[in-house]
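Asker: One file: protein22.cif (mmCIF, C-alpha atoms).
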```cif
data_coords
#
loop_
_atom_site.label_atom_id
_atom_site.label_comp_id
_atom_site.auth_asym_id
_atom_site.auth_seq_id
_atom_site.Cartn_x
_atom_site.Cartn_y
_atom_site.Cartn_z
CA MET Q 1 0.00 0.00 0.00
CA PRO Q 2 1.26 3.50 -0.71
CA ASP Q 3 3.01 5.10 2.19
CA ASN Q 4 3.03 8.67 0.91
CA ASN Q 5 0.11 10.09 2.91
CA LYS Q 6 1.19 8.73 6.27
CA PRO Q 7 0.73 11.31 8.98
CA VAL Q 8 3.82 12.56 10.69
CA LEU Q 9 3.82 11.84 14.39
CA ASP Q 10 6.50 13.18 16.64
CA GLU Q 11 8.08 11.27 19.48
CA THR Q 12 5.59 12.62 22.03
CA ASP Q 13 2.63 11.54 19.89
CA ARG Q 14 4.08 8.07 19.46
CA ARG Q 15 4.61 7.67 23.18
CA ILE Q 16 1.03 8.76 23.86
CA VAL Q 17 -0.25 6.31 21.25
CA GLU Q 18 1.78 3.48 22.76
CA ALA Q 19 0.57 4.30 26.26
CA THR Q 20 -3.12 4.45 25.30
CA GLN Q 21 -3.62 1.83 22.58
CA ALA Q 22 -4.50 -0.89 25.10
CA GLY Q 23 -7.02 1.46 26.73
CA LEU Q 24 -7.14 4.19 29.36
CA PRO Q 25 -6.99 3.29 33.03
CA VAL Q 26 -10.46 3.26 34.61
CA THR Q 27 -9.75 5.77 37.31
CA ALA Q 28 -10.83 9.29 38.25
CA ARG Q 29 -8.14 11.06 36.17
CA PRO Q 30 -7.07 8.66 33.42
CA TYR Q 31 -5.25 11.21 31.24
CA HIS Q 32 -3.29 12.37 34.27
CA VAL Q 33 -2.20 8.80 34.96
CA ILE Q 34 -0.95 8.49 31.37
CA ALA Q 35 0.82 11.84 31.69
CA GLU Q 36 2.50 10.73 34.88
CA GLN Q 37 3.68 7.48 33.28
CA LEU Q 38 5.21 9.44 30.41
CA GLU Q 39 6.45 12.30 32.58
CA LEU Q 40 4.46 14.79 30.54
CA ASP Q 41 2.10 17.59 31.43
CA PRO Q 42 -1.53 16.34 31.56
CA GLU Q 43 -2.72 19.34 29.55
CA LEU Q 44 -0.20 18.51 26.84
CA VAL Q 45 -1.35 14.88 26.75
CA MET Q 46 -4.99 15.93 26.32
CA GLN Q 47 -4.05 18.53 23.74
CA ARG Q 48 -2.08 16.00 21.68
CA ILE Q 49 -4.93 13.48 21.86
CA ARG Q 50 -7.32 16.21 20.70
CA GLN Q 51 -5.04 16.94 17.74
CA LEU Q 52 -4.85 13.23 16.86
CA LEU Q 53 -8.64 13.12 16.99
CA GLU Q 54 -9.00 16.20 14.79
CA SER Q 55 -6.54 14.87 12.22
CA GLY Q 56 -8.41 11.54 12.10
CA ILE Q 57 -5.55 9.39 13.38
CA ILE Q 58 -7.76 8.67 16.37
CA ARG Q 59 -11.16 7.80 14.93
CA ARG Q 60 -12.98 7.96 18.23
CA ILE Q 61 -12.39 7.81 21.96
CA GLY Q 62 -14.79 5.54 23.71
CA VAL Q 63 -15.96 2.25 25.05
CA VAL Q 64 -15.02 -0.75 22.94
CA PRO Q 65 -17.64 -3.40 23.74
CA ASN Q 66 -16.90 -7.06 23.20
CA HIS Q 67 -19.75 -7.95 20.81
CA TYR Q 68 -19.22 -11.64 21.16
CA LYS Q 69 -19.56 -11.47 24.92
CA LEU Q 70 -22.75 -9.45 24.53
CA GLY Q 71 -24.46 -12.20 22.60
CA TYR Q 72 -23.47 -11.31 19.03
CA ARG Q 73 -22.40 -14.79 18.08
CA ALA Q 74 -23.26 -14.86 14.38
CA ASN Q 75 -20.59 -12.53 13.09
CA GLY Q 76 -20.26 -12.94 9.37
CA MET Q 77 -17.57 -11.52 7.16
CA THR Q 78 -19.56 -10.90 4.00
CA VAL Q 79 -17.52 -10.51 0.83
CA TRP Q 80 -18.77 -9.24 -2.51
CA ASP Q 81 -17.51 -8.97 -6.06
CA VAL Q 82 -18.64 -5.60 -7.37
CA PRO Q 83 -17.44 -3.50 -10.33
CA ASP Q 84 -14.40 -1.43 -9.36
CA ASP Q 85 -15.87 1.73 -10.87
CA LYS Q 86 -18.87 1.54 -8.54
CA ILE Q 87 -17.15 0.45 -5.36
CA ILE Q 88 -16.94 3.88 -3.69
CA GLU Q 89 -20.65 4.57 -4.16
CA LEU Q 90 -21.68 1.04 -3.11
CA GLY Q 91 -19.16 0.87 -0.26
CA ASN Q 92 -20.53 4.06 1.24
CA LYS Q 93 -24.09 2.72 1.08
CA ILE Q 94 -23.17 -0.58 2.72
CA GLY Q 95 -20.87 1.06 5.26
CA SER Q 96 -23.69 3.25 6.52
CA LEU Q 97 -25.98 0.30 7.42
CA ASN Q 98 -26.39 0.06 11.17
CA PHE Q 99 -25.63 -3.67 11.31
CA VAL Q 100 -22.33 -3.28 9.43
CA SER Q 101 -19.42 -2.47 11.72
CA HIS Q 102 -16.64 -2.39 9.12
CA CYS Q 103 -16.75 -1.96 5.35
CA TYR Q 104 -13.56 -2.11 3.31
CA HIS Q 105 -12.24 -2.27 -0.23
CA ARG Q 106 -9.54 -4.95 -0.52
CA PRO Q 107 -7.82 -6.37 -3.61
CA ARG Q 108 -9.02 -9.47 -5.50
CA HIS Q 109 -6.67 -12.40 -5.99
CA LEU Q 110 -7.91 -14.22 -9.07
CA PRO Q 111 -8.80 -16.99 -9.48
CA ASP Q 112 -8.85 -17.92 -5.78
CA TRP Q 113 -10.41 -14.77 -4.44
CA PRO Q 114 -12.77 -12.71 -6.66
CA TYR Q 115 -14.15 -10.45 -3.90
CA ASN Q 116 -13.24 -6.79 -3.48
CA LEU Q 117 -15.81 -5.46 -0.95
CA PHE Q 118 -15.80 -6.63 2.67
CA ALA Q 119 -18.59 -5.90 5.17
CA MET Q 120 -18.64 -7.25 8.72
CA VAL Q 121 -22.20 -8.06 9.80
CA HIS Q 122 -23.11 -8.67 13.44
CA ALA Q 123 -26.18 -10.46 14.78
CA HIS Q 124 -27.23 -12.87 17.49
CA THR Q 125 -28.25 -15.64 15.11
CA LYS Q 126 -27.32 -16.78 11.61
CA GLU Q 127 -30.96 -16.36 10.66
CA LYS Q 128 -30.75 -12.67 11.44
CA THR Q 129 -27.39 -12.38 9.69
CA ASN Q 130 -28.98 -13.91 6.58
CA GLN Q 131 -31.74 -11.30 6.68
CA TYR Q 132 -29.10 -8.59 6.82
CA ILE Q 133 -27.25 -10.15 3.91
CA ASP Q 134 -30.48 -9.99 1.91
CA VAL Q 135 -30.65 -6.25 2.62
CA ILE Q 136 -27.12 -5.84 1.23
CA LYS Q 137 -28.02 -7.97 -1.79
CA ASP Q 138 -30.97 -5.71 -2.54
CA ILE Q 139 -28.85 -2.59 -2.32
CA LEU Q 140 -26.14 -3.99 -4.58
CA GLY Q 141 -28.62 -5.38 -7.13
CA ASP Q 142 -26.97 -6.25 -10.44
CA SER Q 143 -23.65 -4.91 -9.20
CA ASN Q 144 -23.34 -8.01 -7.04
CA ARG Q 145 -21.63 -10.48 -9.35
CA GLN Q 146 -20.98 -13.05 -6.63
CA HIS Q 147 -20.68 -13.11 -2.88
CA THR Q 148 -20.17 -15.37 0.11
CA VAL Q 149 -20.20 -15.23 3.90
CA LEU Q 150 -17.43 -16.46 6.13
CA TYR Q 151 -18.52 -17.15 9.67
CA SER Q 152 -15.88 -17.41 12.30
CA THR Q 153 -15.91 -20.81 13.91
CA ARG Q 154 -13.18 -20.16 16.43
CA ILE Q 155 -11.27 -17.22 17.81
CA LEU Q 156 -7.69 -18.45 17.90
CA LYS Q 157 -6.09 -15.22 19.05
CA LYS Q 158 -7.33 -11.75 19.87
CA THR Q 159 -5.19 -9.04 21.40
CA GLY Q 160 -5.15 -5.28 21.11
CA MET Q 161 -2.95 -3.55 18.59
CA ARG Q 162 0.66 -3.42 19.68
CA ILE Q 163 3.08 -1.09 17.98
CA GLY Q 164 5.36 -0.45 20.93
CA ASN Q 165 9.16 -0.36 21.03
CA THR Q 166 9.71 0.81 17.53
CA GLN Q 167 13.24 1.94 18.23
CA MET U 1 -20.14 -26.99 13.04
CA SER U 2 -20.43 -23.32 13.74
CA GLN U 3 -20.15 -23.81 17.49
CA GLN U 4 -18.23 -20.78 18.64
CA ASP U 5 -15.38 -21.02 21.05
CA THR U 6 -17.22 -20.26 24.27
CA ASP U 7 -14.59 -20.04 26.93
CA TYR U 8 -16.78 -17.64 28.81
CA LYS U 9 -20.46 -17.02 29.29
CA THR U 10 -22.22 -14.51 27.11
CA PHE U 11 -25.00 -12.27 28.28
CA GLU U 12 -27.62 -10.57 26.21
CA TYR U 13 -27.45 -6.80 26.25
CA ASP U 14 -30.98 -6.69 27.69
CA SER U 15 -29.87 -8.59 30.79
CA TYR U 16 -27.66 -5.69 31.90
CA THR U 17 -28.87 -2.96 34.23
CA GLU U 18 -29.91 0.39 32.81
CA LEU U 19 -26.65 2.01 33.91
CA GLU U 20 -24.60 -0.83 32.44
CA GLN U 21 -26.48 -0.54 29.15
CA GLN U 22 -25.86 3.21 29.04
CA LEU U 23 -22.15 2.74 29.72
CA LEU U 24 -21.86 -0.08 27.16
CA ASN U 25 -23.73 1.63 24.36
CA ASP U 26 -23.77 5.40 24.76
CA PHE U 27 -20.07 6.22 25.13
CA GLN U 28 -18.56 4.38 22.18
CA HIS U 29 -17.56 7.74 20.82
CA GLU U 30 -17.24 11.17 22.38
CA PHE U 31 -15.86 9.77 25.60
CA PRO U 32 -14.85 12.97 27.40
CA LEU U 33 -11.35 14.28 26.79
CA SER U 34 -11.23 16.08 30.11
CA SER U 35 -9.53 15.89 33.49
CA GLN U 36 -12.22 13.70 35.02
CA PRO U 37 -14.09 11.96 32.20
CA PHE U 38 -15.89 9.43 34.40
CA PHE U 39 -17.06 12.28 36.60
CA ASP U 40 -18.44 14.03 33.50
CA ILE U 41 -20.27 10.85 32.47
CA ALA U 42 -21.68 10.48 35.99
CA ARG U 43 -22.97 14.04 35.92
CA LYS U 44 -24.59 13.46 32.53
CA LEU U 45 -26.32 10.32 33.79
CA GLY U 46 -27.17 11.74 37.20
CA VAL U 47 -25.33 9.07 39.20
CA GLU U 48 -22.36 9.01 41.58
CA PRO U 49 -18.91 9.08 39.92
CA GLU U 50 -17.74 6.17 42.09
CA LEU U 51 -20.60 4.07 40.75
CA VAL U 52 -19.62 4.84 37.16
CA ILE U 53 -16.00 3.84 37.77
CA GLU U 54 -17.01 0.71 39.65
CA THR U 55 -19.47 -0.32 36.92
CA PHE U 56 -16.88 0.24 34.19
CA GLU U 57 -14.40 -1.84 36.14
CA ASN U 58 -16.90 -4.67 36.46
CA LEU U 59 -17.80 -4.54 32.76
CA LYS U 60 -14.11 -4.66 31.92
CA SER U 61 -13.27 -7.53 34.23
CA SER U 62 -16.27 -9.57 33.04
CA GLY U 63 -15.11 -9.05 29.46
CA ALA U 64 -18.20 -7.15 28.29
CA ILE U 65 -15.91 -4.22 27.46
CA SER U 66 -12.57 -4.83 25.77
CA ARG U 67 -11.25 -1.41 26.68
CA VAL U 68 -12.09 2.26 27.05
CA GLY U 69 -9.88 4.57 25.05
CA PRO U 70 -8.81 5.82 21.65
CA VAL U 71 -9.55 3.77 18.52
CA PHE U 72 -6.90 4.43 15.90
CA LYS U 73 -7.40 4.62 12.17
CA PRO U 74 -5.82 1.58 10.51
CA ASN U 75 -2.36 2.13 9.03
CA SER U 76 -1.95 5.58 10.53
CA ILE U 77 0.49 4.29 13.11
CA GLY U 78 2.45 1.37 11.81
CA SER U 79 1.00 -0.88 9.14
CA SER U 80 -1.45 -3.72 9.23
CA ILE U 81 -2.76 -6.22 6.75
CA LEU U 82 -5.44 -8.90 6.66
CA ALA U 83 -4.22 -12.26 5.42
CA ALA U 84 -5.74 -15.69 4.94
CA LEU U 85 -4.30 -19.17 4.57
CA LYS U 86 -5.85 -22.20 2.92
CA VAL U 87 -4.87 -24.91 5.36
CA PRO U 88 -5.64 -28.64 5.09
CA HIS U 89 -7.91 -29.63 7.96
CA ASP U 90 -5.47 -31.98 9.65
CA GLN U 91 -2.81 -29.24 9.75
CA LEU U 92 -5.03 -26.47 11.06
CA LYS U 93 -4.07 -26.72 14.72
CA GLU U 94 -0.33 -26.65 14.25
CA THR U 95 -0.53 -23.96 11.57
CA ALA U 96 -2.69 -21.77 13.84
CA GLN U 97 -0.14 -22.20 16.62
CA MET U 98 2.69 -21.30 14.28
CA VAL U 99 0.84 -18.15 13.13
CA ASN U 100 -0.06 -17.18 16.71
CA SER U 101 3.56 -17.45 17.78
CA TYR U 102 4.35 -14.17 16.00
CA PRO U 103 3.82 -11.14 18.26
CA GLU U 104 2.81 -9.21 15.10
CA ILE U 105 -0.40 -11.28 14.88
CA ASN U 106 -3.19 -9.70 16.90
CA HIS U 107 -6.28 -11.41 15.50
CA ASN U 108 -6.57 -14.95 14.26
CA TYR U 109 -9.91 -16.55 13.41
CA GLU U 110 -10.88 -19.87 11.97
CA ARG U 111 -13.54 -19.32 9.31
CA GLU U 112 -15.76 -21.61 7.26
CA HIS U 113 -14.17 -21.40 3.83
CA GLN U 114 -11.39 -23.09 1.88
CA PHE U 115 -9.32 -20.13 3.09
CA ASN U 116 -9.93 -21.07 6.68
CA LEU U 117 -7.36 -19.19 8.75
CA TRP U 118 -7.78 -15.40 8.84
CA PHE U 119 -5.41 -13.14 10.70
CA VAL U 120 -4.28 -9.55 11.01
CA VAL U 121 -0.59 -8.69 11.04
CA THR U 122 0.46 -5.37 12.58
CA ALA U 123 4.00 -4.04 12.48
CA GLU U 124 6.01 -0.83 12.43
CA ASN U 125 6.25 -0.74 8.66
CA GLU U 126 5.39 -2.60 5.47
CA GLN U 127 8.80 -4.24 5.14
CA LYS U 128 8.26 -5.91 8.49
CA LEU U 129 4.77 -7.02 7.42
CA ASP U 130 6.14 -8.58 4.26
CA PHE U 131 8.86 -10.29 6.22
CA VAL U 132 6.35 -11.88 8.62
CA LEU U 133 3.99 -12.91 5.82
CA ASP U 134 6.80 -14.38 3.70
CA ASP U 135 7.90 -16.35 6.72
CA ILE U 136 4.39 -17.64 7.46
CA GLU U 137 3.88 -18.55 3.81
CA LYS U 138 7.11 -20.50 3.70
CA LYS U 139 6.57 -22.33 7.00
CA SER U 140 2.93 -23.21 6.37
CA GLU U 141 3.47 -24.28 2.74
CA CYS U 142 -0.12 -23.15 2.16
CA PRO U 143 -1.60 -20.65 -0.32
CA LEU U 144 -1.71 -17.20 1.26
CA LEU U 145 -3.98 -14.26 0.42
CA ARG U 146 -2.67 -10.76 1.15
CA LEU U 147 -5.60 -8.40 1.55
CA PRO U 148 -4.40 -4.91 2.43
CA LEU U 149 -7.00 -2.26 3.07
CA LEU U 150 -7.44 -0.06 0.01
CA ASP U 151 -10.30 2.10 1.25
CA ALA U 152 -12.65 2.25 4.26
CA TYR U 153 -16.33 3.18 3.92
CA HIS U 154 -17.82 2.95 7.37
CA ILE U 155 -18.09 5.82 9.79
CA ASP U 156 -16.66 4.38 12.95
CA LEU U 157 -18.99 5.51 15.71
CA GLY U 158 -19.00 2.14 17.42
CA PHE U 159 -21.87 -0.28 17.06
CA ASN U 160 -25.41 0.27 18.32
CA LEU U 161 -26.15 -2.53 20.80
CA LYS U 162 -29.79 -1.62 21.31
#
```
Let me see the structure of the file written as structure tokens.
Answerer:
Amino acid sequence: MPDNNKPVLDETDRRIVEATQAGLPVTARPYHVIAEQLELDPELVMQRIRQLLESGIIRRIGVVPNHYKLGYRANGMTVWDVPDDKIIELGNKIGSLNFVSHCYHRPRHLPDWPYNLFAMVHAHTKEKTNQYIDVIKDILGDSNRQHTVLYSTRILKKTGMRIGNTQ
Amino acid sequence: MSQQDTDYKTFEYDSYTELEQQLLNDFQHEFPLSSQPFFDIARKLGVEPELVIETFENLKSSGAISRVGPVFKPNSIGSSILAALKVPHDQLKETAQMVNSYPEINHNYEREHQFNLWFVVTAENEQKLDFVLDDIEKKSECPLLRLPLLDAYHIDLGFNLK
């Protein structure tokens, strides 16, 4: 993937990212705790996080629920083969559906892998997931040349992102 | 076949208390960036700050919440890639273990498809990603799909649990 529009983070930003990527401490003054760990001023830490948020490097600050634990057990990775020249328009439509948590364009690998649009669909049951897939099918119409759903059968590893110790 | 790996109990969202539901669902974005964010949440909900902190702690330790904090845009810090392997059934266990042994792997799922092992590799840069994937490809002797993110279409505001 092209690297040319990577944001430039300075050393302070990187340290803040490393210190917060596994979550904030659940305590009265979480940003102060981070600041103390990094020996930085709490106001500076909050200001940098605000800048990262404004520049889009941080997409959101918030609670990250564990869907699986909350009963969402039929999590299907739906994959679709749609014309490349329509993918932005279609991707935006699918990505805005409230049962789709992630919607991405990824490359095909022919002949093994003809799909270029990925949408993660979450529901409690496969029956419900199938209803949601029908909604996507209707939206895509003739642009859907083929599709499939990959259910996860086992979580073999799941940890937070870890970028630490880059030096 | 699709029996999920249930190491722990799951609870329906509806079985949580009103406060728990509010904390689980309503603060997936716009968590306060302030000196005392849990205090601000408590004030908004009209409850004691101690209760908010205690409830968050319980939701975290029970696994209902993975974490509270910033969610980063993919590939803005370091690089990540989705990859999939087509593994013969009788080799799945050892191949999964081999893949999991890399610290760069943070998600690994078995999925129902001929490409049955799906994982995310995260590293400081793309060279390191390629190095890890080349290594996994060689060791597994299985066909590997490299599926980097080309574009994202969802607005990440979390996921409505209601």
Asker: If we count all atoms listed in the file, what is near U:Ile77 at a cut-off of 10 Å, once residues fewer than 3 positions away on the same chain are taken out, given as a PyMOL selection string?
Answerer: (chain Q and resi 6-9+14+17-18+57-58+163) or (chain U and resi 72-74+80+122-125)
Asker: Identify, on the basis of all atoms listed in the file, every residue whose closest approach to U:Tyr16 does not exceed 12 Å; exclude the query and any residue fewer than 2 positions from it along the same chain; express the result as JSON, numbers by chain.
Answerer: {"Q": [70, 71], "U": [10, 11, 12, 13, 14, 18, 19, 20, 21, 22, 23, 24, 25, 55, 58, 59, 64, 161, 162]}
Asker: Could you pull the residues within 7 Å of U:Arg146, counting all atoms listed in the file, minus those fewer than 5 positions along the same chain, as a count of residues only?
Answerer: 3
Asker: What are the residues of chain Q that have an atom within 6 Å of an atom of chain U, counting all atoms listed in the file, as an mmCIF file with C-alpha atoms, keeping the file's coordinate frame?
Answerer:
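Writing done, so here's result.cif:
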```cif
data_model
loop_
_atom_site.group_PDB
_atom_site.id
_atom_site.type_symbol
_atom_site.label_atom_id
_atom_site.label_comp_id
_atom_site.auth_asym_id
_atom_site.auth_seq_id
_atom_site.Cartn_x
_atom_site.Cartn_y
_atom_site.Cartn_z
ATOM 1 C CA GLY Q 23 -7.020 1.460 26.730
ATOM 2 C CA LEU Q 24 -7.140 4.190 29.360
ATOM 3 C CA ALA Q 28 -10.830 9.290 38.250
ATOM 4 C CA ARG Q 29 -8.140 11.060 36.170
ATOM 5 C CA ILE Q 57 -5.550 9.390 13.380
ATOM 6 C CA ILE Q 58 -7.760 8.670 16.370
ATOM 7 C CA ARG Q 59 -11.160 7.800 14.930
ATOM 8 C CA ARG Q 60 -12.980 7.960 18.230
ATOM 9 C CA ILE Q 61 -12.390 7.810 21.960
ATOM 10 C CA GLY Q 62 -14.790 5.540 23.710
ATOM 11 C CA VAL Q 63 -15.960 2.250 25.050
ATOM 12 C CA VAL Q 64 -15.020 -0.750 22.940
ATOM 13 C CA PRO Q 65 -17.640 -3.400 23.740
ATOM 14 C CA ASN Q 66 -16.900 -7.060 23.200
ATOM 15 C CA LYS Q 69 -19.560 -11.470 24.920
ATOM 16 C CA LEU Q 70 -22.750 -9.450 24.530
ATOM 17 C CA GLY Q 71 -24.460 -12.200 22.600
ATOM 18 C CA GLY Q 91 -19.160 0.870 -0.260
ATOM 19 C CA ASN Q 92 -20.530 4.060 1.240
ATOM 20 C CA GLY Q 95 -20.870 1.060 5.260
ATOM 21 C CA SER Q 96 -23.690 3.250 6.520
ATOM 22 C CA HIS Q 102 -16.640 -2.390 9.120
ATOM 23 C CA CYS Q 103 -16.750 -1.960 5.350
ATOM 24 C CA TYR Q 104 -13.560 -2.110 3.310
ATOM 25 C CA HIS Q 105 -12.240 -2.270 -0.230
ATOM 26 C CA ARG Q 106 -9.540 -4.950 -0.520
ATOM 27 C CA PRO Q 107 -7.820 -6.370 -3.610
ATOM 28 C CA LEU Q 150 -17.430 -16.460 6.130
ATOM 29 C CA TYR Q 151 -18.520 -17.150 9.670
ATOM 30 C CA SER Q 152 -15.880 -17.410 12.300
ATOM 31 C CA THR Q 153 -15.910 -20.810 13.910
ATOM 32 C CA ARG Q 154 -13.180 -20.160 16.430
ATOM 33 C CA ILE Q 155 -11.270 -17.220 17.810
ATOM 34 C CA LEU Q 156 -7.690 -18.450 17.900
ATOM 35 C CA LYS Q 157 -6.090 -15.220 19.050
ATOM 36 C CA LYS Q 158 -7.330 -11.750 19.870
ATOM 37 C CA THR Q 159 -5.190 -9.040 21.400
#
```
Asker: Pull out every residue that the PyMOL selection byres ((chain Q and resi 47) around 12) matches in the shown coordinates and put them as a PyMOL selection string.
Answerer: (chain Q and resi 12-13+16+31+35+40-46+48-54) or (chain U and resi 33-35)
Asker: I need the residues from that last selection saved to file as a PDB file, in the coordinates of the input (with C-alpha atoms), if you can.
Answerer:
```pdb
ATOM      1  CA  THR Q  12       5.590  12.620  22.030  1.00  0.00           C
ATOM      2  CA  ASP Q  13       2.630  11.540  19.890  1.00  0.00           C
ATOM      3  CA  ILE Q  16       1.030   8.760  23.860  1.00  0.00           C
ATOM      4  CA  TYR Q  31      -5.250  11.210  31.240  1.00  0.00           C
ATOM      5  CA  ALA Q  35       0.820  11.840  31.690  1.00  0.00           C
ATOM      6  CA  LEU Q  40       4.460  14.790  30.540  1.00  0.00           C
ATOM      7  CA  ASP Q  41       2.100  17.590  31.430  1.00  0.00           C
ATOM      8  CA  PRO Q  42      -1.530  16.340  31.560  1.00  0.00           C
ATOM      9  CA  GLU Q  43      -2.720  19.340  29.550  1.00  0.00           C
ATOM     10  CA  LEU Q  44      -0.200  18.510  26.840  1.00  0.00           C
ATOM     11  CA  VAL Q  45      -1.350  14.880  26.750  1.00  0.00           C
ATOM     12  CA  MET Q  46      -4.990  15.930  26.320  1.00  0.00           C
ATOM     13  CA  ARG Q  48      -2.080  16.000  21.680  1.00  0.00           C
ATOM     14  CA  ILE Q  49      -4.930  13.480  21.860  1.00  0.00           C
ATOM     15  CA  ARG Q  50      -7.320  16.210  20.700  1.00  0.00           C
ATOM     16  CA  GLN Q  51      -5.040  16.940  17.740  1.00  0.00           C
ATOM     17  CA  LEU Q  52      -4.850  13.230  16.860  1.00  0.00           C
ATOM     18  CA  LEU Q  53      -8.640  13.120  16.990  1.00  0.00           C
ATOM     19  CA  GLU Q  54      -9.000  16.200  14.790  1.00  0.00           C
TER      20      GLU Q  54
ATOM     21  CA  LEU U  33     -11.350  14.280  26.790  1.00  0.00           C
ATOM     22  CA  SER U  34     -11.230  16.080  30.110  1.00  0.00           C
ATOM     23  CA  SER U  35      -9.530  15.890  33.490  1.00  0.00           C
TER      24      SER U  35
END
```
Asker: Every residue with an atom at most 7 Å from (-22.0, -3.1, 9.9) (file coordinates; all atoms listed in the file) is what I'm after, so could you write them as a list of chain:residue names?
Answerer: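 Residues close enough to count: Q:Gly95, Q:Leu97, Q:Asn98, Q:Phe99, Q:Val100, Q:Ser101, Q:His102, Q:Ala119, Q:Met120, Q:Val121, Q:His122.
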Asker: Report, in Å to a single decimal, how far apart atom CA of U:Gln127 and atom CA of Q:Gly56 are.
Answerer: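 About the pair atom CA of Q:Gly56 and atom CA of U:Gln127: they are 24.4 Å apart.
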Asker: Which is closest to Q:Ser143 among Q:Leu110, Q:Leu90, Q:Ala74, Q:Val82, if we use all atoms listed in the file?
Answerer: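 Checking each candidate against Q:Ser143, we get Q:Val82 as the closest.
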Asker: Between atom CA of U:Met98 and atom CA of U:Asp134, what distance in Å does the model show, to one decimal?
Answerer: 13.3 Å
Asker: Please, what distance in Å, to one decimal, runs between atom CA of Q:Tyr68 and atom CA of Q:Thr125?
Answerer: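 The value is 11.6 Å.
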Asker: I'd like the residues picked by the PyMOL selection byres ((chain U and resi 87) around 7) written out as a PyMOL selection string, using the chain letters and numbers from the file.
Answerer: chain U and resi 85-86+88-89+91-92+115-116+142
Asker: Go through Q:Glu11, Q:His32, Q:Trp80, Q:Thr129 and flag the residue nearest Q:Gly141, using all atoms listed in the file for the distances.
Answerer: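 Counting all atoms listed in the file, the residue closest to Q:Gly141 is Q:Trp80.
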